[in-house]
file model-v2.txt (compact mmCIF, C-alpha atoms)
# COMPACT_ATOMS: atom_id res chain seq x y z
CA MET A 140 -64.88 -10.78 87.61
CA THR A 141 -65.53 -7.43 85.91
CA THR A 142 -63.09 -4.54 85.90
CA THR A 143 -65.43 -2.50 88.10
CA GLN A 144 -65.51 -5.27 90.66
CA THR A 145 -61.74 -5.63 90.49
CA LEU A 146 -61.33 -1.94 91.26
CA ASP A 147 -63.73 -2.27 94.20
CA VAL A 148 -66.02 0.44 92.83
CA GLN A 149 -69.76 0.45 93.53
CA PRO A 150 -72.18 2.33 91.26
CA THR A 151 -74.23 5.15 92.80
CA PRO A 152 -77.49 6.84 91.80
CA LEU A 153 -75.37 9.53 90.13
CA ALA A 154 -73.89 7.06 87.67
CA LEU A 155 -75.93 8.24 84.66
CA LEU A 156 -74.81 11.82 85.17
CA LEU A 157 -71.21 10.83 85.80
CA LEU A 158 -71.24 8.71 82.66
CA GLY A 159 -72.39 11.69 80.62
CA ARG A 160 -75.88 10.36 80.01
CA ALA A 161 -77.64 13.32 81.59
CA SER A 162 -77.43 17.08 81.45
CA ASP A 163 -74.70 18.73 83.49
CA PRO A 164 -75.68 22.31 84.43
CA ALA A 165 -72.12 23.02 85.59
CA SER A 166 -70.47 22.16 82.27
CA GLU A 167 -68.38 24.89 80.71
CA ARG A 168 -70.69 25.59 77.79
CA GLY A 169 -73.75 23.65 78.94
CA VAL A 170 -75.23 23.12 75.49
CA ASP A 171 -76.44 20.10 73.61
CA CYS A 172 -74.61 18.75 70.61
CA PRO A 173 -76.43 19.86 67.41
CA GLY A 174 -77.49 17.32 64.82
CA ASP A 175 -78.75 13.79 65.05
CA LEU A 176 -76.45 11.46 66.95
CA PRO A 177 -76.24 7.77 66.16
CA ALA A 178 -77.96 5.60 68.73
CA PRO A 179 -75.58 4.20 71.37
CA SER A 180 -77.06 0.79 70.62
CA ASP A 181 -76.07 0.95 66.94
CA PRO A 182 -73.97 -2.21 66.41
CA ASP A 183 -72.14 -0.57 63.51
CA LEU A 184 -70.66 2.36 65.46
CA VAL A 185 -67.13 0.98 65.52
CA GLU A 186 -67.15 0.24 61.79
CA ARG A 187 -68.67 3.66 61.05
CA ALA A 188 -65.92 5.38 63.04
CA ARG A 189 -63.25 3.39 61.22
CA ALA A 190 -64.77 4.13 57.83
CA ALA A 191 -65.10 7.87 58.45
CA LYS A 192 -61.56 8.12 59.84
CA ALA A 193 -60.19 6.16 56.86
CA LYS A 194 -62.05 8.42 54.42
CA LEU A 195 -60.51 11.50 56.03
CA GLY A 196 -57.02 9.97 56.10
CA ASP A 197 -54.23 12.37 56.99
CA ARG A 198 -56.68 15.28 56.95
CA VAL A 199 -57.79 14.34 60.47
CA PHE A 200 -55.79 13.88 63.67
CA VAL A 201 -57.65 12.51 66.69
CA LEU A 202 -56.44 13.38 70.18
CA GLY A 203 -57.56 11.38 73.22
CA HIS A 204 -57.10 12.61 76.78
CA HIS A 205 -56.21 9.96 79.36
CA TYR A 206 -59.59 10.38 81.06
CA GLN A 207 -61.63 9.51 77.98
CA ARG A 208 -63.67 6.33 77.62
CA ASP A 209 -61.98 3.25 76.15
CA GLU A 210 -64.38 3.29 73.19
CA VAL A 211 -63.05 6.75 72.28
CA ILE A 212 -59.39 6.10 73.08
CA GLU A 213 -59.50 3.24 70.57
CA PHE A 214 -59.66 5.79 67.75
CA ALA A 215 -57.13 8.28 69.10
CA ASP A 216 -53.95 8.79 67.10
CA VAL A 217 -52.21 9.93 70.29
CA THR A 218 -53.13 9.94 73.97
CA GLY A 219 -51.83 12.13 76.74
CA ASP A 220 -52.54 15.02 79.08
CA SER A 221 -53.97 18.30 77.84
CA PHE A 222 -50.75 20.17 77.07
CA LYS A 223 -49.01 17.19 75.45
CA LEU A 224 -51.99 16.74 73.15
CA ALA A 225 -52.09 20.41 72.19
CA ARG A 226 -48.40 20.27 71.29
CA ASP A 227 -48.94 17.03 69.35
CA ALA A 228 -51.62 18.79 67.33
CA ALA A 229 -49.29 21.69 66.55
CA ALA A 230 -46.68 19.18 65.39
CA ARG A 231 -49.08 17.85 62.72
CA PRO A 232 -49.52 20.86 60.38
CA GLU A 233 -50.70 18.59 57.56
CA ALA A 234 -53.84 17.69 59.52
CA GLU A 235 -56.69 19.94 58.45
CA TYR A 236 -58.94 18.79 61.28
CA ILE A 237 -57.92 18.25 64.90
CA VAL A 238 -60.61 16.24 66.68
CA PHE A 239 -59.96 16.78 70.38
CA CYS A 240 -61.52 14.14 72.61
CA GLY A 241 -61.20 16.01 75.87
CA VAL A 242 -62.87 19.14 77.23
CA HIS A 243 -63.38 22.71 76.09
CA PHE A 244 -60.29 24.38 77.56
CA MET A 245 -58.10 21.69 75.98
CA ALA A 246 -59.56 22.34 72.55
CA GLU A 247 -58.97 26.07 73.08
CA SER A 248 -55.30 25.42 73.85
CA ALA A 249 -55.02 23.32 70.71
CA ASP A 250 -56.57 26.13 68.65
CA ILE A 251 -54.10 28.62 70.16
CA LEU A 252 -51.08 26.47 69.35
CA THR A 253 -52.07 25.21 65.88
CA SER A 254 -51.93 27.09 62.58
CA GLU A 255 -54.74 29.17 61.11
CA ARG A 256 -55.49 26.57 58.44
CA GLN A 257 -56.16 23.90 61.05
CA GLN A 258 -59.62 23.55 62.56
CA VAL A 259 -60.12 22.16 66.06
CA ILE A 260 -63.27 20.11 66.64
CA LEU A 261 -64.79 19.17 70.01
CA PRO A 262 -67.24 16.26 69.47
CA ASP A 263 -69.56 17.52 72.23
CA LEU A 264 -69.68 21.22 73.13
CA ALA A 265 -71.03 20.32 76.57
CA ALA A 266 -67.72 18.67 77.43
CA GLY A 267 -66.50 21.38 79.75
CA CYS A 268 -64.54 21.48 82.99
CA SER A 269 -66.02 22.45 86.34
CA MET A 270 -62.60 23.62 87.55
CA ALA A 271 -62.13 25.92 84.56
CA ASP A 272 -65.62 27.30 85.15
CA MET A 273 -64.67 28.32 88.69
CA ALA A 274 -62.66 31.28 87.38
CA THR A 275 -64.28 33.64 84.88
CA ALA A 276 -62.60 36.62 83.23
CA GLU A 277 -64.86 39.03 85.10
CA GLN A 278 -64.14 37.43 88.47
CA VAL A 279 -60.38 37.46 87.92
CA ALA A 280 -60.45 41.10 86.78
CA GLU A 281 -62.30 41.97 89.99
CA CYS A 282 -59.71 40.02 92.00
CA TRP A 283 -56.93 42.03 90.39
CA ASP A 284 -58.73 45.21 91.41
CA VAL A 285 -58.82 43.91 94.99
CA LEU A 286 -55.08 43.20 94.85
CA THR A 287 -54.50 46.68 93.43
CA ASP A 288 -56.49 48.30 96.22
CA ALA A 289 -54.45 46.30 98.75
CA GLY A 290 -51.26 47.60 97.16
CA VAL A 291 -49.93 44.17 96.17
CA ALA A 292 -50.82 43.83 92.46
CA ASP A 293 -47.49 45.29 91.32
CA THR A 294 -45.58 42.58 93.17
CA THR A 295 -47.94 39.70 92.30
CA VAL A 296 -47.30 37.34 89.38
CA PRO A 297 -50.22 35.25 88.08
CA VAL A 298 -49.61 31.55 87.49
CA SER A 299 -52.50 29.74 85.86
CA TYR A 300 -52.96 26.01 85.63
CA MET A 301 -53.36 24.56 82.16
CA ASN A 302 -56.88 23.58 83.26
CA SER A 303 -58.23 27.08 82.66
CA SER A 304 -60.11 28.86 79.92
CA ALA A 305 -58.42 30.83 77.15
CA ASP A 306 -59.67 34.02 78.84
CA ILE A 307 -57.79 33.18 82.04
CA LYS A 308 -54.66 32.25 80.10
CA ALA A 309 -54.92 35.60 78.33
CA PHE A 310 -55.27 37.44 81.66
CA THR A 311 -52.11 35.65 82.78
CA GLY A 312 -50.26 36.71 79.65
CA ARG A 313 -51.39 40.33 79.95
CA HIS A 314 -50.00 40.51 83.48
CA GLY A 315 -46.64 38.91 82.77
CA GLY A 316 -47.40 35.49 84.21
CA THR A 317 -47.06 31.92 83.05
CA ILE A 318 -49.07 28.75 82.62
CA CYS A 319 -48.16 25.53 84.39
CA THR A 320 -49.05 21.87 84.31
CA SER A 321 -49.14 19.48 87.25
CA SER A 322 -45.69 18.30 86.13
CA ASN A 323 -43.94 21.68 86.09
CA ALA A 324 -45.88 23.63 88.74
CA ARG A 325 -42.81 23.91 90.96
CA ARG A 326 -40.68 25.32 88.15
CA ALA A 327 -43.42 27.80 87.30
CA LEU A 328 -43.68 28.98 90.91
CA GLU A 329 -39.92 29.27 91.28
CA TRP A 330 -39.83 31.42 88.16
CA ALA A 331 -42.75 33.54 89.37
CA PHE A 332 -41.15 34.19 92.77
CA GLY A 333 -38.06 35.32 90.88
CA GLN A 334 -40.22 37.97 89.17
CA GLY A 335 -42.26 39.16 92.15
CA GLU A 336 -43.02 38.70 95.83
CA LYS A 337 -46.39 36.92 95.54
CA VAL A 338 -48.22 34.53 93.26
CA LEU A 339 -51.88 34.54 92.30
CA PHE A 340 -52.51 30.87 91.51
CA LEU A 341 -55.51 30.07 89.28
CA PRO A 342 -57.86 28.20 89.37
CA ASP A 343 -56.98 25.08 91.44
CA GLN A 344 -56.19 25.88 95.05
CA HIS A 345 -55.04 22.34 95.84
CA LEU A 346 -52.30 22.13 93.19
CA GLY A 347 -51.07 25.56 94.22
CA ARG A 348 -51.04 24.77 97.93
CA ASN A 349 -49.52 21.30 97.56
CA THR A 350 -46.73 22.57 95.32
CA ALA A 351 -45.89 25.58 97.48
CA VAL A 352 -45.96 23.75 100.82
CA LEU A 353 -44.74 20.25 99.99
CA GLU A 354 -42.24 21.05 97.25
CA MET A 355 -41.04 24.58 97.99
CA GLY A 356 -41.06 24.69 101.78
CA LEU A 357 -43.66 27.41 102.26
CA ALA A 358 -45.97 27.18 105.27
CA LEU A 359 -49.71 26.78 105.15
CA GLU A 360 -49.86 30.20 106.81
CA ASP A 361 -48.18 31.66 103.71
CA CYS A 362 -51.26 30.75 101.69
CA VAL A 363 -54.56 32.62 101.60
CA VAL A 364 -57.67 31.58 99.63
CA TYR A 365 -59.46 34.16 97.49
CA ASN A 366 -63.17 33.34 97.19
CA PRO A 367 -64.70 35.10 94.15
CA HIS A 368 -68.18 34.66 95.61
CA LYS A 369 -67.45 36.81 98.66
CA PRO A 370 -66.95 40.59 98.80
CA GLY A 371 -63.28 41.37 98.45
CA GLY A 372 -62.59 37.67 98.00
CA GLY A 373 -63.36 37.06 101.67
CA VAL A 374 -59.88 38.23 102.67
CA THR A 375 -58.56 41.44 104.16
CA ALA A 376 -55.92 43.70 102.70
CA GLU A 377 -53.67 42.74 105.62
CA GLN A 378 -54.03 39.04 104.77
CA LEU A 379 -53.17 39.71 101.13
CA ARG A 380 -50.09 41.71 102.11
CA ALA A 381 -48.90 38.94 104.45
CA ALA A 382 -49.49 36.06 102.00
CA LYS A 383 -47.03 34.67 99.52
CA MET A 384 -49.52 32.41 97.72
CA ILE A 385 -52.95 33.83 96.85
CA LEU A 386 -54.93 30.73 95.94
CA TRP A 387 -58.10 30.94 93.87
CA ARG A 388 -60.97 29.03 95.45
CA GLY A 389 -61.29 26.38 92.74
CA HIS A 390 -60.87 22.63 92.60
CA CYS A 391 -61.30 19.54 90.45
CA SER A 392 -64.65 17.90 91.09
CA VAL A 393 -63.05 14.46 90.65
CA HIS A 394 -59.83 14.82 92.62
CA GLY A 395 -61.47 17.02 95.24
CA ARG A 396 -63.80 14.21 96.32
CA PHE A 397 -61.01 11.99 97.66
CA ALA A 398 -60.86 12.28 101.45
CA LEU A 399 -58.48 11.17 104.19
CA ASP A 400 -61.02 8.46 105.07
CA CYS A 401 -60.41 6.92 101.63
CA VAL A 402 -56.70 6.56 102.37
CA GLU A 403 -57.27 5.12 105.83
CA ASP A 404 -59.89 2.68 104.54
CA VAL A 405 -57.75 1.29 101.74
CA ARG A 406 -54.75 0.86 104.05
CA ALA A 407 -56.96 -1.13 106.43
CA ARG A 408 -58.27 -3.34 103.62
CA ILE A 409 -55.11 -3.98 101.60
CA PRO A 410 -51.83 -4.81 103.38
CA GLU A 411 -48.76 -2.96 102.08
CA VAL A 412 -50.80 -0.94 99.59
CA ASN A 413 -49.10 2.00 97.90
CA VAL A 414 -51.30 5.10 97.74
CA LEU A 415 -50.65 7.14 94.60
CA VAL A 416 -52.59 10.37 94.05
CA HIS A 417 -52.75 13.39 91.78
CA PRO A 418 -51.64 16.77 93.23
CA GLU A 419 -55.11 18.18 92.54
CA CYS A 420 -56.25 16.18 95.59
CA ARG A 421 -56.78 17.88 98.95
CA HIS A 422 -53.73 18.68 101.06
CA GLU A 423 -54.57 16.11 103.75
CA VAL A 424 -54.93 13.38 101.12
CA VAL A 425 -51.65 14.26 99.44
CA THR A 426 -49.76 14.31 102.73
CA ALA A 427 -51.20 10.90 103.64
CA ALA A 428 -50.27 9.33 100.28
CA ASP A 429 -47.05 7.49 99.48
CA TYR A 430 -46.62 8.97 96.00
CA VAL A 431 -47.92 12.17 94.40
CA GLY A 432 -47.66 13.18 90.78
CA SER A 433 -49.22 14.15 87.47
CA THR A 434 -51.20 11.82 85.24
CA GLU A 435 -48.05 10.98 83.27
CA TYR A 436 -46.22 10.31 86.55
CA ILE A 437 -48.99 7.98 87.70
CA ILE A 438 -48.81 6.01 84.45
CA LYS A 439 -45.00 5.81 84.55
CA THR A 440 -44.97 4.74 88.21
CA LEU A 441 -47.35 1.85 87.57
CA ASP A 442 -45.48 0.82 84.43
CA GLU A 443 -42.32 0.50 86.49
CA ALA A 444 -43.88 -1.02 89.62
CA PRO A 445 -42.89 -4.61 90.49
CA ALA A 446 -45.25 -7.47 89.83
CA GLY A 447 -47.36 -8.39 92.82
CA SER A 448 -47.37 -4.88 94.27
CA ALA A 449 -50.65 -3.28 95.39
CA TRP A 450 -51.73 0.24 94.45
CA ALA A 451 -54.65 2.52 95.32
CA ILE A 452 -54.93 5.32 92.76
CA GLY A 453 -56.50 8.70 93.41
CA THR A 454 -57.39 10.01 89.97
CA GLU A 455 -60.14 9.70 87.34
CA LEU A 456 -61.73 6.26 87.11
CA ASN A 457 -61.46 5.73 83.34
CA LEU A 458 -57.68 5.96 83.61
CA VAL A 459 -57.53 3.75 86.70
CA ARG A 460 -59.60 1.06 85.00
CA ARG A 461 -57.35 1.21 81.93
CA LEU A 462 -54.22 0.91 84.09
CA ALA A 463 -55.68 -2.05 85.98
CA ALA A 464 -56.40 -3.81 82.69
CA ALA A 465 -52.89 -3.05 81.41
CA HIS A 466 -51.20 -4.43 84.55
CA PRO A 467 -52.92 -7.71 85.50
CA ASP A 468 -49.79 -8.71 87.45
CA LYS A 469 -50.43 -5.91 89.98
CA GLN A 470 -53.34 -5.18 92.29
CA ILE A 471 -54.66 -1.79 91.23
CA VAL A 472 -57.74 -0.37 92.96
CA PHE A 473 -59.56 2.94 92.89
CA LEU A 474 -58.96 5.06 95.99
CA ASP A 475 -62.66 5.80 96.43
CA LYS A 476 -65.28 3.04 96.67
CA THR A 477 -67.89 4.91 94.60
CA VAL A 478 -68.01 5.81 90.92
CA CYS A 479 -65.91 8.87 90.14
CA PHE A 480 -65.82 9.47 86.41
CA CYS A 481 -65.29 13.00 85.16
CA SER A 482 -68.86 13.76 84.08
CA THR A 483 -67.97 16.24 81.34
CA MET A 484 -65.07 14.17 79.98
CA ASN A 485 -67.50 11.28 79.69
CA ARG A 486 -69.85 13.28 77.51
CA ILE A 487 -67.69 12.42 74.53
CA ASP A 488 -68.77 8.90 73.71
CA LEU A 489 -68.62 6.84 70.54
CA PRO A 490 -71.86 8.28 69.08
CA HIS A 491 -70.50 11.83 69.41
CA LEU A 492 -67.18 10.83 67.88
CA VAL A 493 -68.87 9.02 64.97
CA TRP A 494 -71.13 12.02 64.35
CA ALA A 495 -68.16 14.41 64.29
CA LEU A 496 -66.02 12.21 62.02
CA GLU A 497 -68.85 11.44 59.59
CA SER A 498 -69.77 15.13 59.41
CA LEU A 499 -66.18 16.06 58.55
CA ALA A 500 -65.97 13.24 56.02
CA ASP A 501 -69.09 14.69 54.35
CA GLY A 502 -67.50 18.13 54.18
CA LYS A 503 -69.41 19.67 57.09
CA VAL A 504 -67.34 21.28 59.86
CA VAL A 505 -69.10 20.91 63.21
CA ASN A 506 -68.38 22.12 66.74
CA ARG A 507 -65.33 24.12 65.74
CA ILE A 508 -63.51 25.76 68.66
CA GLN A 509 -62.08 29.19 67.83
CA VAL A 510 -60.29 31.61 70.13
CA ASP A 511 -60.49 35.28 69.12
CA PRO A 512 -57.20 36.87 67.95
CA GLU A 513 -56.61 39.15 70.94
CA THR A 514 -57.28 36.42 73.50
CA GLU A 515 -55.10 34.06 71.51
CA HIS A 516 -52.23 36.57 71.44
CA TYR A 517 -52.02 36.99 75.20
CA ALA A 518 -52.83 33.37 76.01
CA LYS A 519 -50.07 32.25 73.67
CA ALA A 520 -47.64 34.63 75.40
CA ALA A 521 -48.38 32.90 78.71
CA LEU A 522 -48.03 29.45 77.15
CA GLU A 523 -44.74 30.42 75.52
CA GLN A 524 -43.47 31.67 78.87
CA MET A 525 -44.17 28.20 80.25
CA LEU A 526 -42.20 26.64 77.39
CA ALA A 527 -39.31 28.96 78.23
CA LEU A 528 -39.18 27.94 81.90
CA PRO A 529 -35.70 26.81 82.97

call {"tool": "encode", "arguments": {"input": "model-v2.txt", "output": "structure tokens"}}
result
Amino acid sequence: MTTTQTLDVQPTPLALLLLGRASDPASERGVDCPGDLPAPSDPDLVERARAAKAKLGDRVFVLGHHYQRDEVIEFADVTGDSFKLARDAAARPEAEYIVFCGVHFMAESADILTSERQQVILPDLAAGCSMADMATAEQVAECWDVLTDAGVADTTVPVSYMNSSADIKAFTGRHGGTICTSSNARRALEWAFGQGEKVLFLPDQHLGRNTAVLEMGLALEDCVVYNPHKPGGGVTAEQLRAAKMILWRGHCSVHGRFALDCVEDVRARIPEVNVLVHPECRHEVVTAADYVGSTEYIIKTLDEAPAGSAWAIGTELNLVRRLAAAHPDKQIVFLDKTVCFCSTMNRIDLPHLVWALESLADGKVVNRIQVDPETEHYAKAALEQMLALP
């Protein structure tokens, strides 16, 4: 039985797009990778990757996000979530090249946190993030004007999720806010409410709502959603004044697809199943789950789960498949019954990685990610505020 069958996942007509084999108009940069890529059918790809990485030696450090393909993870020096990987890169000052197998905003964070002599490489510039794209600098500046007109900007503290562009992180730093991850969102919100009366949470409404309501005791009525595609955000000044959490209308295209029906269906099919989901999922899914936590929490929970237990996981499919393979003594299934890869994460495949490594080994720097000095300054201030959270 194949891993896909084990996870009870059925391919859909969107599989080619979701696997990164087609153009994604919603990707953060939406451009093709320059240069000639090796053919995916090349039987020597693995050996070529090994040879190029060996030639570079300590000059290269390869980071692999948990959602990457297995064929890419095989060559990662470290794996983890976005912030852990950026910190790991900063802790390797001897590495001249940081090859980030993830998406654009992650590579930006790595560039912000590493030294000037280090160069961050993204194997495919089209590896973006639909969530990060849902908040642009211009939209957020307009939102702040709306808050100013409503008389609440002075008492509002921005908290931006790590899954945001460098521009949004810089906006957060300029306005005295902080960055958060899915692991420390509660601490970030507690700090923010100690600085002001309201929080502008960017760009994932679900993480903001779930943290505020389920972990901090706020009511759903304390939350209002700002829609950048509507005049004035689609909210009135009175609603903004009454709200404690001003949630940006953004979401993860992977976690946002899980529905309450998925939870009900898996409970009907698998007796005593444990439903474990990421806090980027919708509020009704999170409240129906047994366990909720970050990617690292999901991994740790399954590592510690007893043999014979059954689990339905609501997060990206590459990770779920890898966890199922790592724990054959447990029944681990995907919460949704259709393919749900992160389409832009999946753009980085072995041909792109080989092309990037071989180019570097030949002395040609490709797909370098650079954040301009001013943006870096303010984005770093917001990131450092997160590191200083109690």

call {"tool": "residues_near_point", "arguments": {"input": "model-v2.txt", "point": "(-62.9, 34.3, 99.1)", "cutoff": "12 Å", "atoms": "only C-alpha atoms", "output": "JSON list (two decimals) with C-alpha atoms, keeping the file's coordinate frame"}}
result
[["chain", "number", "residue", "atom", "x", "y", "z"],
["A", 278, "GLN", "CA", -64.14, 37.43, 88.47],
["A", 279, "VAL", "CA", -60.38, 37.46, 87.92],
["A", 281, "GLU", "CA", -62.30, 41.97, 89.99],
["A", 282, "CYS", "CA", -59.71, 40.02, 92.00],
["A", 285, "VAL", "CA", -58.82, 43.91, 94.99],
["A", 344, "GLN", "CA", -56.19, 25.88, 95.05],
["A", 363, "VAL", "CA", -54.56, 32.62, 101.60],
["A", 364, "VAL", "CA", -57.67, 31.58, 99.63],
["A", 365, "TYR", "CA", -59.46, 34.16, 97.49],
["A", 366, "ASN", "CA", -63.17, 33.34, 97.19],
["A", 367, "PRO", "CA", -64.70, 35.10, 94.15],
["A", 368, "HIS", "CA", -68.18, 34.66, 95.61],
["A", 369, "LYS", "CA", -67.45, 36.81, 98.66],
["A", 370, "PRO", "CA", -66.95, 40.59, 98.80],
["A", 371, "GLY", "CA", -63.28, 41.37, 98.45],
["A", 372, "GLY", "CA", -62.59, 37.67, 98.00],
["A", 373, "GLY", "CA", -63.36, 37.06, 101.67],
["A", 374, "VAL", "CA", -59.88, 38.23, 102.67],
["A", 375, "THR", "CA", -58.56, 41.44, 104.16],
["A", 378, "GLN", "CA", -54.03, 39.04, 104.77],
["A", 379, "LEU", "CA", -53.17, 39.71, 101.13],
["A", 385, "ILE", "CA", -52.95, 33.83, 96.85],
["A", 386, "LEU", "CA", -54.93, 30.73, 95.94],
["A", 387, "TRP", "CA", -58.10, 30.94, 93.87],
["A", 388, "ARG", "CA", -60.97, 29.03, 95.45],
["A", 389, "GLY", "CA", -61.29, 26.38, 92.74]]

call {"tool": "closest_residue", "arguments": {"input": "model-v2.txt", "among": "A:Val217, A:Leu261, A:Ala225, A:Ala382", "to": "Asp488 (chain A)", "atoms": "all atoms listed in the file"}}
result
A:Leu261

call {"tool": "closest_residue", "arguments": {"input": "model-v2.txt", "among": "A:Asp250, A:Pro177, A:Val242, A:Gln257", "to": "Val504 (chain A)", "atoms": "only C-alpha atoms"}}
result
A:Gln257

call {"tool": "axis_aligned_box", "arguments": {"input": "model-v2.txt", "around": "region 241-251 of chain A", "padding_each_side": "3 Å", "output": "lines of an AutoDock Vina configuration file"}}
result
center_x = -58.7
center_y = 22.3
center_z = 73.1
size_x = 15.3
size_y = 18.6
size_z = 14.9

call {"tool": "closest_atom_pairs", "arguments": {"input": "model-v2.txt", "of": "region 249-365 of chain A", "to": "region 414-422 of chain A", "cutoff": "12 Å", "atoms": "all atoms listed in the file", "output": "JSON lines"}}
result
{"residue": "A:Met270", "atom": "CA", "partner": "A:Glu419", "partner_atom": "CA", "distance": 10.5}
{"residue": "A:Tyr300", "atom": "CA", "partner": "A:Glu419", "partner_atom": "CA", "distance": 10.7}
{"residue": "A:Asn302", "atom": "CA", "partner": "A:Glu419", "partner_atom": "CA", "distance": 10.9}
{"residue": "A:Thr320", "atom": "CA", "partner": "A:Pro418", "partner_atom": "CA", "distance": 10.6}
{"residue": "A:Ser321", "atom": "CA", "partner": "A:Pro418", "partner_atom": "CA", "distance": 7.0}
{"residue": "A:Ser322", "atom": "CA", "partner": "A:Pro418", "partner_atom": "CA", "distance": 9.4}
{"residue": "A:Asn323", "atom": "CA", "partner": "A:Pro418", "partner_atom": "CA", "distance": 11.6}
{"residue": "A:Ala324", "atom": "CA", "partner": "A:Pro418", "partner_atom": "CA", "distance": 10.0}
{"residue": "A:Arg325", "atom": "CA", "partner": "A:Pro418", "partner_atom": "CA", "distance": 11.6}
{"residue": "A:Pro342", "atom": "CA", "partner": "A:Glu419", "partner_atom": "CA", "distance": 10.9}
{"residue": "A:Asp343", "atom": "CA", "partner": "A:Glu419", "partner_atom": "CA", "distance": 7.2}
{"residue": "A:Gln344", "atom": "CA", "partner": "A:Glu419", "partner_atom": "CA", "distance": 8.2}
{"residue": "A:His345", "atom": "CA", "partner": "A:Glu419", "partner_atom": "CA", "distance": 5.3}
{"residue": "A:Leu346", "atom": "CA", "partner": "A:Glu419", "partner_atom": "CA", "distance": 4.9}
{"residue": "A:Gly347", "atom": "CA", "partner": "A:Glu419", "partner_atom": "CA", "distance": 8.6}
{"residue": "A:Arg348", "atom": "CA", "partner": "A:His422", "partner_atom": "CA", "distance": 7.4}
{"residue": "A:Asn349", "atom": "CA", "partner": "A:His422", "partner_atom": "CA", "distance": 6.1}
{"residue": "A:Thr350", "atom": "CA", "partner": "A:Pro418", "partner_atom": "CA", "distance": 7.9}
{"residue": "A:Ala351", "atom": "CA", "partner": "A:His422", "partner_atom": "CA", "distance": 11.0}
{"residue": "A:Val352", "atom": "CA", "partner": "A:His422", "partner_atom": "CA", "distance": 9.3}
{"residue": "A:Leu353", "atom": "CA", "partner": "A:His422", "partner_atom": "CA", "distance": 9.2}
{"residue": "A:Glu354", "atom": "CA", "partner": "A:Pro418", "partner_atom": "CA", "distance": 11.1}
{"residue": "A:Leu359", "atom": "CA", "partner": "A:His422", "partner_atom": "CA", "distance": 9.9}

call {"tool": "atom_distance", "arguments": {"input": "model-v2.txt", "atom1": "CA of Ala229 (chain A)", "atom2": "CA of Leu328 (chain A)"}}
result
26.0 Å

call {"tool": "atom_distance", "arguments": {"input": "model-v2.txt", "atom1": "CA of Phe214 (chain A)", "atom2": "CA of Cys268 (chain A)"}}
result
22.4 Å

call {"tool": "atom_distance", "arguments": {"input": "model-v2.txt", "atom1": "CA of Arg226 (chain A)", "atom2": "CA of His394 (chain A)"}}
result
24.8 Å

call {"tool": "closest_residue", "arguments": {"input": "model-v2.txt", "among": "A:Val338, A:Ala265, A:Leu252, A:Val493", "to": "Ala305 (chain A)", "atoms": "all atoms listed in the file"}}
result
A:Leu252

call {"tool": "residues_around", "arguments": {"input": "model-v2.txt", "residues": "Ser392 (chain A)", "least_positions_apart": "4", "cutoff": "8 Å", "atoms": "all atoms listed in the file", "output": "list in words"}}
result
Ser269, Met270, Arg396 and Cys481 of chain A
